[in-house]
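See below for entry.txt, which holds compact mmCIF, N, CA and C atoms.
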```
# COMPACT_ATOMS: atom_id res chain seq x y z
N MET V 1 86.47 27.70 -21.95
CA MET V 1 86.95 28.27 -23.17
C MET V 1 86.43 27.45 -24.34
N THR V 2 85.97 28.10 -25.34
CA THR V 2 85.33 27.44 -26.47
C THR V 2 86.35 27.04 -27.52
N ILE V 3 86.16 25.85 -28.12
CA ILE V 3 87.01 25.39 -29.20
C ILE V 3 86.19 25.43 -30.49
N TYR V 4 86.54 26.34 -31.39
CA TYR V 4 85.86 26.41 -32.67
C TYR V 4 86.79 25.98 -33.80
N ASN V 5 88.04 26.35 -33.73
CA ASN V 5 88.99 26.08 -34.79
C ASN V 5 90.27 25.55 -34.17
N LEU V 6 90.61 24.31 -34.50
CA LEU V 6 91.78 23.69 -33.88
C LEU V 6 93.05 24.49 -34.13
N GLY V 7 93.22 25.01 -35.34
CA GLY V 7 94.42 25.80 -35.63
C GLY V 7 94.58 26.96 -34.67
N SER V 8 93.50 27.65 -34.40
CA SER V 8 93.59 28.78 -33.47
C SER V 8 93.80 28.30 -32.04
N VAL V 9 93.25 27.13 -31.69
CA VAL V 9 93.48 26.57 -30.36
C VAL V 9 94.96 26.27 -30.17
N LEU V 10 95.54 25.62 -31.18
CA LEU V 10 96.97 25.31 -31.08
C LEU V 10 97.79 26.58 -30.94
N LYS V 11 97.45 27.56 -31.74
CA LYS V 11 98.18 28.83 -31.69
C LYS V 11 98.01 29.51 -30.33
N GLN V 12 96.80 29.44 -29.79
CA GLN V 12 96.50 30.14 -28.55
C GLN V 12 96.96 29.38 -27.30
N TYR V 13 96.87 28.04 -27.32
CA TYR V 13 97.07 27.28 -26.09
C TYR V 13 98.31 26.40 -26.07
N ASP V 14 99.11 26.40 -27.12
CA ASP V 14 100.25 25.48 -27.13
C ASP V 14 101.31 25.83 -26.08
N GLN V 15 101.30 27.04 -25.56
CA GLN V 15 102.22 27.39 -24.49
C GLN V 15 101.69 26.94 -23.12
N GLU V 16 100.36 26.74 -23.04
CA GLU V 16 99.74 26.36 -21.77
C GLU V 16 99.55 24.86 -21.62
N TYR V 17 99.31 24.17 -22.74
CA TYR V 17 99.00 22.74 -22.72
C TYR V 17 99.97 21.96 -23.60
N LEU V 18 100.20 20.71 -23.22
CA LEU V 18 100.76 19.73 -24.12
C LEU V 18 99.54 19.13 -24.81
N ILE V 19 99.41 19.34 -26.11
CA ILE V 19 98.19 18.97 -26.81
C ILE V 19 98.41 17.70 -27.61
N LEU V 20 97.55 16.71 -27.35
CA LEU V 20 97.49 15.51 -28.18
C LEU V 20 96.22 15.61 -29.01
N GLU V 21 96.38 15.79 -30.30
CA GLU V 21 95.27 15.94 -31.24
C GLU V 21 95.13 14.65 -32.03
N TYR V 22 93.94 14.07 -32.02
CA TYR V 22 93.71 12.78 -32.66
C TYR V 22 94.21 12.73 -34.10
N GLU V 23 93.99 13.76 -34.86
CA GLU V 23 94.38 13.75 -36.28
C GLU V 23 95.89 13.91 -36.49
N HIS V 24 96.62 14.30 -35.44
CA HIS V 24 98.06 14.56 -35.57
C HIS V 24 98.81 14.02 -34.36
N LEU V 25 98.62 12.75 -34.07
CA LEU V 25 99.24 12.17 -32.88
C LEU V 25 100.75 11.99 -33.00
N PHE V 26 101.21 11.69 -34.19
CA PHE V 26 102.64 11.45 -34.42
C PHE V 26 103.14 12.33 -35.55
N ILE V 27 104.37 12.76 -35.42
CA ILE V 27 105.03 13.51 -36.49
C ILE V 27 105.82 12.53 -37.35
N ALA V 28 106.47 11.59 -36.71
CA ALA V 28 107.36 10.64 -37.38
C ALA V 28 106.60 9.42 -37.88
N ALA V 29 107.28 8.58 -38.61
CA ALA V 29 106.68 7.38 -39.20
C ALA V 29 106.72 6.18 -38.26
N THR V 30 107.62 6.18 -37.28
CA THR V 30 107.77 5.05 -36.37
C THR V 30 107.93 5.55 -34.93
N LEU V 31 107.74 4.65 -33.98
CA LEU V 31 107.98 5.00 -32.57
C LEU V 31 109.43 5.42 -32.34
N ARG V 32 110.36 4.70 -32.96
CA ARG V 32 111.78 5.03 -32.78
C ARG V 32 112.06 6.46 -33.24
N GLU V 33 111.53 6.82 -34.41
CA GLU V 33 111.75 8.17 -34.92
C GLU V 33 111.06 9.21 -34.04
N GLU V 34 109.89 8.88 -33.53
CA GLU V 34 109.16 9.81 -32.66
C GLU V 34 109.96 10.07 -31.39
N VAL V 35 110.55 9.03 -30.81
CA VAL V 35 111.38 9.19 -29.62
C VAL V 35 112.62 10.01 -29.94
N LEU V 36 113.22 9.78 -31.10
CA LEU V 36 114.38 10.59 -31.51
C LEU V 36 114.01 12.07 -31.59
N LEU V 37 112.85 12.38 -32.14
CA LEU V 37 112.40 13.77 -32.22
C LEU V 37 112.09 14.33 -30.83
N LEU V 38 111.49 13.53 -30.00
CA LEU V 38 111.08 13.95 -28.66
C LEU V 38 112.27 14.23 -27.76
N GLN V 39 113.27 13.35 -27.83
CA GLN V 39 114.39 13.44 -26.89
C GLN V 39 115.72 13.83 -27.52
N LYS V 40 115.75 13.87 -28.85
CA LYS V 40 116.99 14.17 -29.58
C LYS V 40 118.05 13.11 -29.32
N LYS V 41 117.58 11.89 -29.04
CA LYS V 41 118.50 10.77 -28.87
C LYS V 41 117.72 9.47 -29.01
N ASN V 42 118.42 8.41 -29.36
CA ASN V 42 117.82 7.08 -29.41
C ASN V 42 117.64 6.60 -27.98
N ASP V 43 116.48 6.02 -27.68
CA ASP V 43 116.22 5.56 -26.32
C ASP V 43 115.43 4.25 -26.38
N PRO V 44 116.14 3.13 -26.64
CA PRO V 44 115.44 1.86 -26.72
C PRO V 44 114.72 1.48 -25.43
N GLY V 45 115.21 1.93 -24.28
CA GLY V 45 114.55 1.63 -23.01
C GLY V 45 113.17 2.27 -22.92
N LEU V 46 113.06 3.50 -23.36
CA LEU V 46 111.77 4.18 -23.36
C LEU V 46 110.80 3.47 -24.29
N ILE V 47 111.28 3.11 -25.47
CA ILE V 47 110.44 2.41 -26.44
C ILE V 47 109.98 1.08 -25.87
N GLU V 48 110.88 0.36 -25.23
CA GLU V 48 110.53 -0.95 -24.66
C GLU V 48 109.46 -0.80 -23.58
N LYS V 49 109.52 0.26 -22.79
CA LYS V 49 108.51 0.49 -21.77
C LYS V 49 107.15 0.77 -22.41
N VAL V 50 107.13 1.52 -23.50
CA VAL V 50 105.87 1.78 -24.21
C VAL V 50 105.32 0.47 -24.77
N VAL V 51 106.18 -0.34 -25.37
CA VAL V 51 105.76 -1.63 -25.92
C VAL V 51 105.19 -2.52 -24.81
N THR V 52 105.84 -2.56 -23.67
CA THR V 52 105.38 -3.36 -22.53
C THR V 52 104.02 -2.85 -22.04
N GLU V 53 103.88 -1.54 -21.90
CA GLU V 53 102.60 -0.95 -21.47
C GLU V 53 101.49 -1.26 -22.47
N ALA V 54 101.83 -1.29 -23.75
CA ALA V 54 100.83 -1.54 -24.80
C ALA V 54 100.21 -2.93 -24.66
N ALA V 55 100.94 -3.87 -24.12
CA ALA V 55 100.42 -5.23 -23.95
C ALA V 55 99.18 -5.25 -23.05
N ALA V 56 99.10 -4.34 -22.08
CA ALA V 56 97.93 -4.27 -21.21
C ALA V 56 96.67 -3.89 -21.99
N PHE V 57 96.86 -3.30 -23.16
CA PHE V 57 95.76 -2.90 -24.03
C PHE V 57 95.55 -3.92 -25.16
N LYS V 58 96.19 -5.07 -25.00
CA LYS V 58 96.13 -6.15 -26.01
C LYS V 58 96.74 -5.72 -27.35
N LEU V 59 97.69 -4.79 -27.29
CA LEU V 59 98.46 -4.39 -28.47
C LEU V 59 99.77 -5.16 -28.40
N LEU V 60 99.74 -6.36 -28.94
CA LEU V 60 100.87 -7.26 -28.80
C LEU V 60 101.84 -7.17 -29.96
N GLU V 61 101.44 -6.53 -31.03
CA GLU V 61 102.30 -6.42 -32.20
C GLU V 61 102.80 -5.00 -32.39
N VAL V 62 103.38 -4.45 -31.35
CA VAL V 62 103.95 -3.11 -31.39
C VAL V 62 105.46 -3.25 -31.49
N ALA V 63 106.04 -2.51 -32.41
CA ALA V 63 107.50 -2.57 -32.59
C ALA V 63 108.03 -1.17 -32.87
N ALA V 64 109.26 -0.94 -32.47
CA ALA V 64 109.89 0.37 -32.59
C ALA V 64 109.95 0.88 -34.02
N ASP V 65 110.13 -0.02 -34.98
CA ASP V 65 110.34 0.42 -36.36
C ASP V 65 109.16 0.15 -37.30
N TRP V 66 108.03 -0.24 -36.74
CA TRP V 66 106.85 -0.42 -37.59
C TRP V 66 106.25 0.93 -37.91
N ASN V 67 105.76 1.08 -39.11
CA ASN V 67 105.14 2.32 -39.54
C ASN V 67 103.89 2.58 -38.70
N ILE V 68 103.76 3.78 -38.19
CA ILE V 68 102.62 4.17 -37.35
C ILE V 68 101.30 3.95 -38.09
N ASP V 69 101.29 4.12 -39.39
CA ASP V 69 100.07 3.94 -40.18
C ASP V 69 99.57 2.50 -40.15
N ARG V 70 100.40 1.60 -39.70
CA ARG V 70 100.03 0.19 -39.61
C ARG V 70 98.96 -0.06 -38.54
N TYR V 71 98.88 0.85 -37.56
CA TYR V 71 97.96 0.71 -36.45
C TYR V 71 96.64 1.42 -36.75
N SER V 72 95.57 0.93 -36.13
CA SER V 72 94.26 1.60 -36.27
C SER V 72 94.31 2.94 -35.53
N GLY V 73 93.28 3.74 -35.75
CA GLY V 73 93.23 5.05 -35.08
C GLY V 73 93.24 4.93 -33.57
N GLY V 74 92.47 4.00 -33.03
CA GLY V 74 92.44 3.80 -31.59
C GLY V 74 93.77 3.31 -31.05
N GLN V 75 94.42 2.42 -31.81
CA GLN V 75 95.74 1.93 -31.39
C GLN V 75 96.76 3.06 -31.40
N ARG V 76 96.72 3.91 -32.42
CA ARG V 76 97.64 5.07 -32.47
C ARG V 76 97.40 5.99 -31.27
N ALA V 77 96.12 6.20 -30.94
CA ALA V 77 95.81 7.06 -29.80
C ALA V 77 96.38 6.48 -28.50
N ILE V 78 96.21 5.19 -28.31
CA ILE V 78 96.76 4.54 -27.12
C ILE V 78 98.28 4.66 -27.09
N LEU V 79 98.92 4.36 -28.21
CA LEU V 79 100.39 4.45 -28.27
C LEU V 79 100.89 5.86 -27.99
N ALA V 80 100.23 6.85 -28.55
CA ALA V 80 100.65 8.24 -28.31
C ALA V 80 100.52 8.59 -26.82
N CYS V 81 99.41 8.19 -26.22
CA CYS V 81 99.22 8.47 -24.79
C CYS V 81 100.25 7.73 -23.94
N LEU V 82 100.50 6.47 -24.28
CA LEU V 82 101.50 5.70 -23.52
C LEU V 82 102.89 6.31 -23.67
N LEU V 83 103.20 6.81 -24.86
CA LEU V 83 104.49 7.46 -25.06
C LEU V 83 104.60 8.70 -24.18
N VAL V 84 103.56 9.51 -24.12
CA VAL V 84 103.58 10.70 -23.28
C VAL V 84 103.68 10.33 -21.81
N ILE V 85 102.89 9.37 -21.37
CA ILE V 85 102.92 8.95 -19.97
C ILE V 85 104.30 8.42 -19.60
N THR V 86 104.87 7.58 -20.44
CA THR V 86 106.19 7.01 -20.18
C THR V 86 107.26 8.10 -20.17
N PHE V 87 107.18 9.02 -21.11
CA PHE V 87 108.13 10.13 -21.17
C PHE V 87 108.05 10.97 -19.90
N ILE V 88 106.84 11.28 -19.45
CA ILE V 88 106.67 12.08 -18.23
C ILE V 88 107.31 11.36 -17.03
N ARG V 89 107.07 10.06 -16.92
CA ARG V 89 107.67 9.29 -15.82
C ARG V 89 109.19 9.28 -15.91
N GLU V 90 109.70 8.95 -17.09
CA GLU V 90 111.15 8.81 -17.27
C GLU V 90 111.90 10.13 -17.06
N GLN V 91 111.30 11.22 -17.53
CA GLN V 91 111.95 12.53 -17.40
C GLN V 91 111.55 13.26 -16.12
N ASN V 92 110.67 12.61 -15.33
CA ASN V 92 110.17 13.18 -14.08
C ASN V 92 109.62 14.59 -14.27
N LYS V 93 108.81 14.74 -15.31
CA LYS V 93 108.17 16.04 -15.60
C LYS V 93 107.07 16.28 -14.58
N LYS V 94 106.95 17.49 -14.14
CA LYS V 94 105.96 17.84 -13.11
C LYS V 94 105.09 19.00 -13.60
N GLY V 95 103.82 18.96 -13.17
CA GLY V 95 102.94 20.10 -13.36
C GLY V 95 102.46 20.38 -14.77
N LEU V 96 102.57 19.42 -15.68
CA LEU V 96 102.10 19.65 -17.05
C LEU V 96 100.58 19.63 -17.12
N LYS V 97 100.06 20.33 -18.10
CA LYS V 97 98.64 20.29 -18.42
C LYS V 97 98.50 19.64 -19.79
N LEU V 98 97.81 18.49 -19.83
CA LEU V 98 97.63 17.75 -21.08
C LEU V 98 96.23 18.00 -21.62
N LEU V 99 96.14 18.37 -22.89
CA LEU V 99 94.86 18.52 -23.55
C LEU V 99 94.71 17.39 -24.55
N LEU V 100 93.76 16.50 -24.30
CA LEU V 100 93.49 15.36 -25.18
C LEU V 100 92.32 15.75 -26.08
N ASN V 101 92.62 16.14 -27.31
CA ASN V 101 91.60 16.62 -28.22
C ASN V 101 91.13 15.49 -29.13
N HIS V 102 89.94 14.99 -28.89
CA HIS V 102 89.32 13.90 -29.66
C HIS V 102 90.10 12.59 -29.55
N VAL V 103 90.92 12.45 -28.55
CA VAL V 103 91.74 11.25 -28.38
C VAL V 103 90.94 10.15 -27.69
N LEU V 104 90.31 10.47 -26.58
CA LEU V 104 89.62 9.45 -25.80
C LEU V 104 88.42 8.87 -26.54
N GLU V 105 87.80 9.65 -27.39
CA GLU V 105 86.63 9.18 -28.14
C GLU V 105 86.99 8.08 -29.13
N SER V 106 88.24 7.96 -29.47
CA SER V 106 88.68 6.98 -30.47
C SER V 106 89.04 5.63 -29.84
N ILE V 107 88.91 5.53 -28.53
CA ILE V 107 89.34 4.34 -27.79
C ILE V 107 88.12 3.65 -27.19
N SER V 108 88.13 2.33 -27.20
CA SER V 108 87.02 1.57 -26.61
C SER V 108 86.84 1.93 -25.14
N THR V 109 85.65 1.70 -24.63
CA THR V 109 85.34 2.05 -23.24
C THR V 109 86.31 1.38 -22.26
N SER V 110 86.58 0.09 -22.43
CA SER V 110 87.47 -0.60 -21.49
C SER V 110 88.90 -0.06 -21.58
N ASN V 111 89.38 0.16 -22.79
CA ASN V 111 90.73 0.73 -22.94
C ASN V 111 90.79 2.17 -22.45
N ARG V 112 89.71 2.92 -22.63
CA ARG V 112 89.66 4.30 -22.15
C ARG V 112 89.80 4.33 -20.63
N GLN V 113 89.09 3.43 -19.94
CA GLN V 113 89.18 3.38 -18.48
C GLN V 113 90.59 3.00 -18.02
N LEU V 114 91.19 2.05 -18.70
CA LEU V 114 92.56 1.64 -18.38
C LEU V 114 93.54 2.79 -18.61
N LEU V 115 93.37 3.49 -19.73
CA LEU V 115 94.25 4.62 -20.04
C LEU V 115 94.06 5.76 -19.05
N LEU V 116 92.81 6.06 -18.71
CA LEU V 116 92.56 7.12 -17.73
C LEU V 116 93.19 6.77 -16.38
N ALA V 117 93.17 5.51 -16.00
CA ALA V 117 93.81 5.10 -14.74
C ALA V 117 95.31 5.42 -14.79
N LYS V 118 95.93 5.22 -15.94
CA LYS V 118 97.36 5.54 -16.08
C LYS V 118 97.58 7.06 -16.01
N PHE V 119 96.68 7.82 -16.63
CA PHE V 119 96.78 9.27 -16.53
C PHE V 119 96.57 9.74 -15.09
N TYR V 120 95.61 9.14 -14.39
CA TYR V 120 95.37 9.54 -12.99
C TYR V 120 96.56 9.20 -12.11
N ALA V 121 97.25 8.12 -12.42
CA ALA V 121 98.44 7.76 -11.64
C ALA V 121 99.52 8.84 -11.77
N ILE V 122 99.76 9.34 -13.00
CA ILE V 122 100.78 10.40 -13.13
C ILE V 122 100.24 11.74 -12.64
N ARG V 123 98.95 11.85 -12.62
CA ARG V 123 98.36 13.06 -12.02
C ARG V 123 98.74 13.10 -10.55
N ASP V 124 98.61 11.98 -9.89
CA ASP V 124 98.92 11.92 -8.45
C ASP V 124 100.41 12.02 -8.17
N THR V 125 101.24 11.38 -8.98
CA THR V 125 102.68 11.36 -8.71
C THR V 125 103.44 12.54 -9.29
N HIS V 126 102.91 13.14 -10.37
CA HIS V 126 103.65 14.19 -11.07
C HIS V 126 102.88 15.51 -11.20
N GLY V 127 101.72 15.58 -10.56
CA GLY V 127 100.94 16.83 -10.61
C GLY V 127 100.43 17.17 -12.00
N ILE V 128 100.22 16.15 -12.82
CA ILE V 128 99.75 16.36 -14.19
C ILE V 128 98.24 16.58 -14.15
N ARG V 129 97.78 17.55 -14.91
CA ARG V 129 96.34 17.80 -15.03
C ARG V 129 95.92 17.44 -16.46
N ILE V 130 94.78 16.78 -16.59
CA ILE V 130 94.32 16.25 -17.88
C ILE V 130 93.03 16.96 -18.27
N TYR V 131 93.02 17.44 -19.51
CA TYR V 131 91.87 18.16 -20.04
C TYR V 131 91.40 17.50 -21.33
N THR V 132 90.16 17.74 -21.66
CA THR V 132 89.62 17.28 -22.93
C THR V 132 88.70 18.36 -23.48
N SER V 133 88.42 18.27 -24.75
CA SER V 133 87.43 19.17 -25.33
C SER V 133 86.10 18.44 -25.29
N ASP V 134 85.10 19.12 -24.79
CA ASP V 134 83.78 18.51 -24.64
C ASP V 134 82.74 19.55 -25.05
N ARG V 135 82.05 19.26 -26.14
CA ARG V 135 81.01 20.16 -26.64
C ARG V 135 81.52 21.58 -26.82
N GLY V 136 82.69 21.70 -27.38
CA GLY V 136 83.25 23.01 -27.65
C GLY V 136 83.92 23.69 -26.48
N GLN V 137 84.03 23.01 -25.36
CA GLN V 137 84.66 23.59 -24.19
C GLN V 137 85.84 22.74 -23.75
N ILE V 138 86.87 23.39 -23.21
CA ILE V 138 87.97 22.64 -22.61
C ILE V 138 87.61 22.46 -21.15
N ARG V 139 87.64 21.19 -20.70
CA ARG V 139 87.31 20.91 -19.30
C ARG V 139 88.33 19.92 -18.74
N GLU V 140 88.58 20.06 -17.46
CA GLU V 140 89.49 19.15 -16.78
C GLU V 140 88.78 17.83 -16.53
N ILE V 141 89.51 16.73 -16.76
CA ILE V 141 88.97 15.41 -16.47
C ILE V 141 89.26 15.14 -15.01
N ASP V 142 88.21 14.86 -14.27
CA ASP V 142 88.32 14.64 -12.84
C ASP V 142 87.94 13.19 -12.54
N PRO V 143 88.81 12.45 -11.85
CA PRO V 143 88.50 11.04 -11.58
C PRO V 143 87.37 10.86 -10.58
N ASN V 144 86.96 11.89 -9.89
CA ASN V 144 85.91 11.75 -8.86
C ASN V 144 84.53 11.90 -9.45
```
Could you express the structure from this file as structure tokens?
Amino acid sequence: MTIYNLGSVLKQYDQEYLILEYEHLFIAATLREEVLLLQKKNDPGLIEKVVTEAAAFKLLEVAADWNIDRYSGGQRAILACLLVITFIREQNKKGLKLLLNHVLESISTSNRQLLLAKFYAIRDTHGIRIYTSDRGQIREIDPN
């Protein structure tokens, strides 16, 4: 399927995919607020797990109440992905299809490999399928 206009993609595929779009990774100003919107409750445990996971990416200055704009684009992409991965694990979500639109391109090669390993882990445990847009096409990311 061809991607020409992101607005139409969101309108057409938002029922089929959980879409992470690089330009719109967060709605809220902080991780705490994002979790409140996501779960409709405060969840310091979920935030702490994201902060702990971020350390593997050498993101050591992550805090629940820091403004998201404080982080670089690649750091925001990593945090958004870690939030989704952690949420899927904590809520035991199964069978989701994730569309990462221009997200992986914003992350260094080493961090991209580390992040993909985390996505592949939930793929195996939760039946999650991961897609990306590549040259105007949506394609599944296959670890093989």
Report task. Write out as a list in words the residues lying within 8 Å of region 120-135 of chain V, counting all atoms listed in the file and excluding same-chain residues fewer than 4 positions away. Result -> Thr2, Ile3, Ile85, Ile88, Arg89, Asn92, Lys93, Lys94, Gly95, Leu96, Lys97, Leu98, Leu99, Leu100, Asn101, His102, Val103, Leu104, Leu114, Leu115, Leu116, Arg139, Glu140, Ile141, Asp142 and Pro143 of chain V
Prev. selection, N, CA and C atoms, output as a CSV table (one decimal), in the coordinates of the input:
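Contents of again32.csv, as written:
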```
chain,number,residue,atom,x,y,z
V,2,THR,N,86.0,28.1,-25.3
V,2,THR,CA,85.3,27.4,-26.5
V,2,THR,C,86.4,27.0,-27.5
V,3,ILE,N,86.2,25.8,-28.1
V,3,ILE,CA,87.0,25.4,-29.2
V,3,ILE,C,86.2,25.4,-30.5
V,85,ILE,N,102.9,9.4,-21.4
V,85,ILE,CA,102.9,9.0,-20.0
V,85,ILE,C,104.3,8.4,-19.6
V,88,ILE,N,106.8,11.3,-19.4
V,88,ILE,CA,106.7,12.1,-18.2
V,88,ILE,C,107.3,11.4,-17.0
V,89,ARG,N,107.1,10.1,-16.9
V,89,ARG,CA,107.7,9.3,-15.8
V,89,ARG,C,109.2,9.3,-15.9
V,92,ASN,N,110.7,12.6,-15.3
V,92,ASN,CA,110.2,13.2,-14.1
V,92,ASN,C,109.6,14.6,-14.3
V,93,LYS,N,108.8,14.7,-15.3
V,93,LYS,CA,108.2,16.0,-15.6
V,93,LYS,C,107.1,16.3,-14.6
V,94,LYS,N,107.0,17.5,-14.1
V,94,LYS,CA,106.0,17.8,-13.1
V,94,LYS,C,105.1,19.0,-13.6
V,95,GLY,N,103.8,19.0,-13.2
V,95,GLY,CA,102.9,20.1,-13.4
V,95,GLY,C,102.5,20.4,-14.8
V,96,LEU,N,102.6,19.4,-15.7
V,96,LEU,CA,102.1,19.6,-17.0
V,96,LEU,C,100.6,19.6,-17.1
V,97,LYS,N,100.1,20.3,-18.1
V,97,LYS,CA,98.6,20.3,-18.4
V,97,LYS,C,98.5,19.6,-19.8
V,98,LEU,N,97.8,18.5,-19.8
V,98,LEU,CA,97.6,17.8,-21.1
V,98,LEU,C,96.2,18.0,-21.6
V,99,LEU,N,96.1,18.4,-22.9
V,99,LEU,CA,94.9,18.5,-23.6
V,99,LEU,C,94.7,17.4,-24.6
V,100,LEU,N,93.8,16.5,-24.3
V,100,LEU,CA,93.5,15.4,-25.2
V,100,LEU,C,92.3,15.8,-26.1
V,101,ASN,N,92.6,16.1,-27.3
V,101,ASN,CA,91.6,16.6,-28.2
V,101,ASN,C,91.1,15.5,-29.1
V,102,HIS,N,89.9,15.0,-28.9
V,102,HIS,CA,89.3,13.9,-29.7
V,102,HIS,C,90.1,12.6,-29.6
V,103,VAL,N,90.9,12.4,-28.6
V,103,VAL,CA,91.7,11.2,-28.4
V,103,VAL,C,90.9,10.2,-27.7
V,104,LEU,N,90.3,10.5,-26.6
V,104,LEU,CA,89.6,9.4,-25.8
V,104,LEU,C,88.4,8.9,-26.5
V,114,LEU,N,91.2,2.0,-18.7
V,114,LEU,CA,92.6,1.6,-18.4
V,114,LEU,C,93.5,2.8,-18.6
V,115,LEU,N,93.4,3.5,-19.7
V,115,LEU,CA,94.2,4.6,-20.0
V,115,LEU,C,94.1,5.8,-19.0
V,116,LEU,N,92.8,6.1,-18.7
V,116,LEU,CA,92.6,7.1,-17.7
V,116,LEU,C,93.2,6.8,-16.4
V,139,ARG,N,87.6,21.2,-20.7
V,139,ARG,CA,87.3,20.9,-19.3
V,139,ARG,C,88.3,19.9,-18.7
V,140,GLU,N,88.6,20.1,-17.5
V,140,GLU,CA,89.5,19.2,-16.8
V,140,GLU,C,88.8,17.8,-16.5
V,141,ILE,N,89.5,16.7,-16.8
V,141,ILE,CA,89.0,15.4,-16.5
V,141,ILE,C,89.3,15.1,-15.0
V,142,ASP,N,88.2,14.9,-14.3
V,142,ASP,CA,88.3,14.6,-12.8
V,142,ASP,C,87.9,13.2,-12.5
V,143,PRO,N,88.8,12.4,-11.8
V,143,PRO,CA,88.5,11.0,-11.6
V,143,PRO,C,87.4,10.9,-10.6
```
Requested in this report: Quote the spacing between CA of Asp69 (chain V) and atom C of Glu16 (chain V) in Å to one decimal place.
Outcome: 28.0 Å
Query raised in the report: What is the atom N of Lys40 (chain V) to CA of Glu23 (chain V) distance in Å?
Result: 22.6 Å
Query raised in the report: How many Å lie between atom N of Val35 (chain V) and CA of Trp66 (chain V), rounded to one decimal?
Result: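 Computed distance, atom N of Val35 (chain V) to CA of Trp66 (chain V), equals 12.2 Å.
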As lines of an AutoDock Vina configuration file: centre and edge lengths in Å, one decimal, of the axis-aligned box holding region 49-58 of chain V with 5 Å per side:
```
center_x = 102.5
center_y = -2.2
center_z = -24.3
size_x = 24.0
size_y = 17.9
size_z = 16.1
```
Report task. Mind the document's chain letters and residue numbers, and return as a ChimeraX atom specification the residues of chain V that DSSP labels alpha helix (DSSP H). Result -> /V:6-13,31-39,44-55,73-91,109-126
Around the point (112.6, 12.3, -25.5) (coordinates from the file), which residues reach within 12 Å if we count only C-alpha atoms? Answer as a tab-separated table (two decimals) with N, CA and C atoms, in the frame of the given file.
```tsv
chain	number	residue	atom	x	y	z
V	31	LEU	N	107.74	4.65	-33.98
V	31	LEU	CA	107.98	5.00	-32.57
V	31	LEU	C	109.43	5.42	-32.34
V	32	ARG	N	110.36	4.70	-32.96
V	32	ARG	CA	111.78	5.03	-32.78
V	32	ARG	C	112.06	6.46	-33.24
V	33	GLU	N	111.53	6.82	-34.41
V	33	GLU	CA	111.75	8.17	-34.92
V	33	GLU	C	111.06	9.21	-34.04
V	34	GLU	N	109.89	8.88	-33.53
V	34	GLU	CA	109.16	9.81	-32.66
V	34	GLU	C	109.96	10.07	-31.39
V	35	VAL	N	110.55	9.03	-30.81
V	35	VAL	CA	111.38	9.19	-29.62
V	35	VAL	C	112.62	10.01	-29.94
V	36	LEU	N	113.22	9.78	-31.10
V	36	LEU	CA	114.38	10.59	-31.51
V	36	LEU	C	114.01	12.07	-31.59
V	37	LEU	N	112.85	12.38	-32.14
V	37	LEU	CA	112.40	13.77	-32.22
V	37	LEU	C	112.09	14.33	-30.83
V	38	LEU	N	111.49	13.53	-30.00
V	38	LEU	CA	111.08	13.95	-28.66
V	38	LEU	C	112.27	14.23	-27.76
V	39	GLN	N	113.27	13.35	-27.83
V	39	GLN	CA	114.39	13.44	-26.89
V	39	GLN	C	115.72	13.83	-27.52
V	40	LYS	N	115.75	13.87	-28.85
V	40	LYS	CA	116.99	14.17	-29.58
V	40	LYS	C	118.05	13.11	-29.32
V	41	LYS	N	117.58	11.89	-29.04
V	41	LYS	CA	118.50	10.77	-28.87
V	41	LYS	C	117.72	9.47	-29.01
V	42	ASN	N	118.42	8.41	-29.36
V	42	ASN	CA	117.82	7.08	-29.41
V	42	ASN	C	117.64	6.60	-27.98
V	43	ASP	N	116.48	6.02	-27.68
V	43	ASP	CA	116.22	5.56	-26.32
V	43	ASP	C	115.43	4.25	-26.38
V	44	PRO	N	116.14	3.13	-26.64
V	44	PRO	CA	115.44	1.86	-26.72
V	44	PRO	C	114.72	1.48	-25.43
V	45	GLY	N	115.21	1.93	-24.28
V	45	GLY	CA	114.55	1.63	-23.01
V	45	GLY	C	113.17	2.27	-22.92
V	46	LEU	N	113.06	3.50	-23.36
V	46	LEU	CA	111.77	4.18	-23.36
V	46	LEU	C	110.80	3.47	-24.29
V	47	ILE	N	111.28	3.11	-25.47
V	47	ILE	CA	110.44	2.41	-26.44
V	47	ILE	C	109.98	1.08	-25.87
V	83	LEU	N	103.20	6.81	-24.86
V	83	LEU	CA	104.49	7.46	-25.06
V	83	LEU	C	104.60	8.70	-24.18
V	84	VAL	N	103.56	9.51	-24.12
V	84	VAL	CA	103.58	10.70	-23.28
V	84	VAL	C	103.68	10.33	-21.81
V	85	ILE	N	102.89	9.37	-21.37
V	85	ILE	CA	102.92	8.95	-19.97
V	85	ILE	C	104.30	8.42	-19.60
V	86	THR	N	104.87	7.58	-20.44
V	86	THR	CA	106.19	7.01	-20.18
V	86	THR	C	107.26	8.10	-20.17
V	87	PHE	N	107.18	9.02	-21.11
V	87	PHE	CA	108.13	10.13	-21.17
V	87	PHE	C	108.05	10.97	-19.90
V	88	ILE	N	106.84	11.28	-19.45
V	88	ILE	CA	106.67	12.08	-18.23
V	88	ILE	C	107.31	11.36	-17.03
V	89	ARG	N	107.07	10.06	-16.92
V	89	ARG	CA	107.67	9.29	-15.82
V	89	ARG	C	109.19	9.28	-15.91
V	90	GLU	N	109.70	8.95	-17.09
V	90	GLU	CA	111.15	8.81	-17.27
V	90	GLU	C	111.90	10.13	-17.06
V	91	GLN	N	111.30	11.22	-17.53
V	91	GLN	CA	111.95	12.53	-17.40
V	91	GLN	C	111.55	13.26	-16.12
V	92	ASN	N	110.67	12.61	-15.33
V	92	ASN	CA	110.17	13.18	-14.08
V	92	ASN	C	109.62	14.59	-14.27
V	93	LYS	N	108.81	14.74	-15.31
V	93	LYS	CA	108.17	16.04	-15.60
V	93	LYS	C	107.07	16.28	-14.58
```
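If you measure from each of V:Leu59, V:Ala117, V:Ala80, V:Val50 to Ile27 (chain V) using only C-alpha atoms, the closest one turns out to be V:Ala80.
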**Report entry** DSSP-assigned strand (DSSP E or B) members of region 2-90 of chain V, reported as a PyMOL selection string
**Finding:** chain V and resi 2+18-21
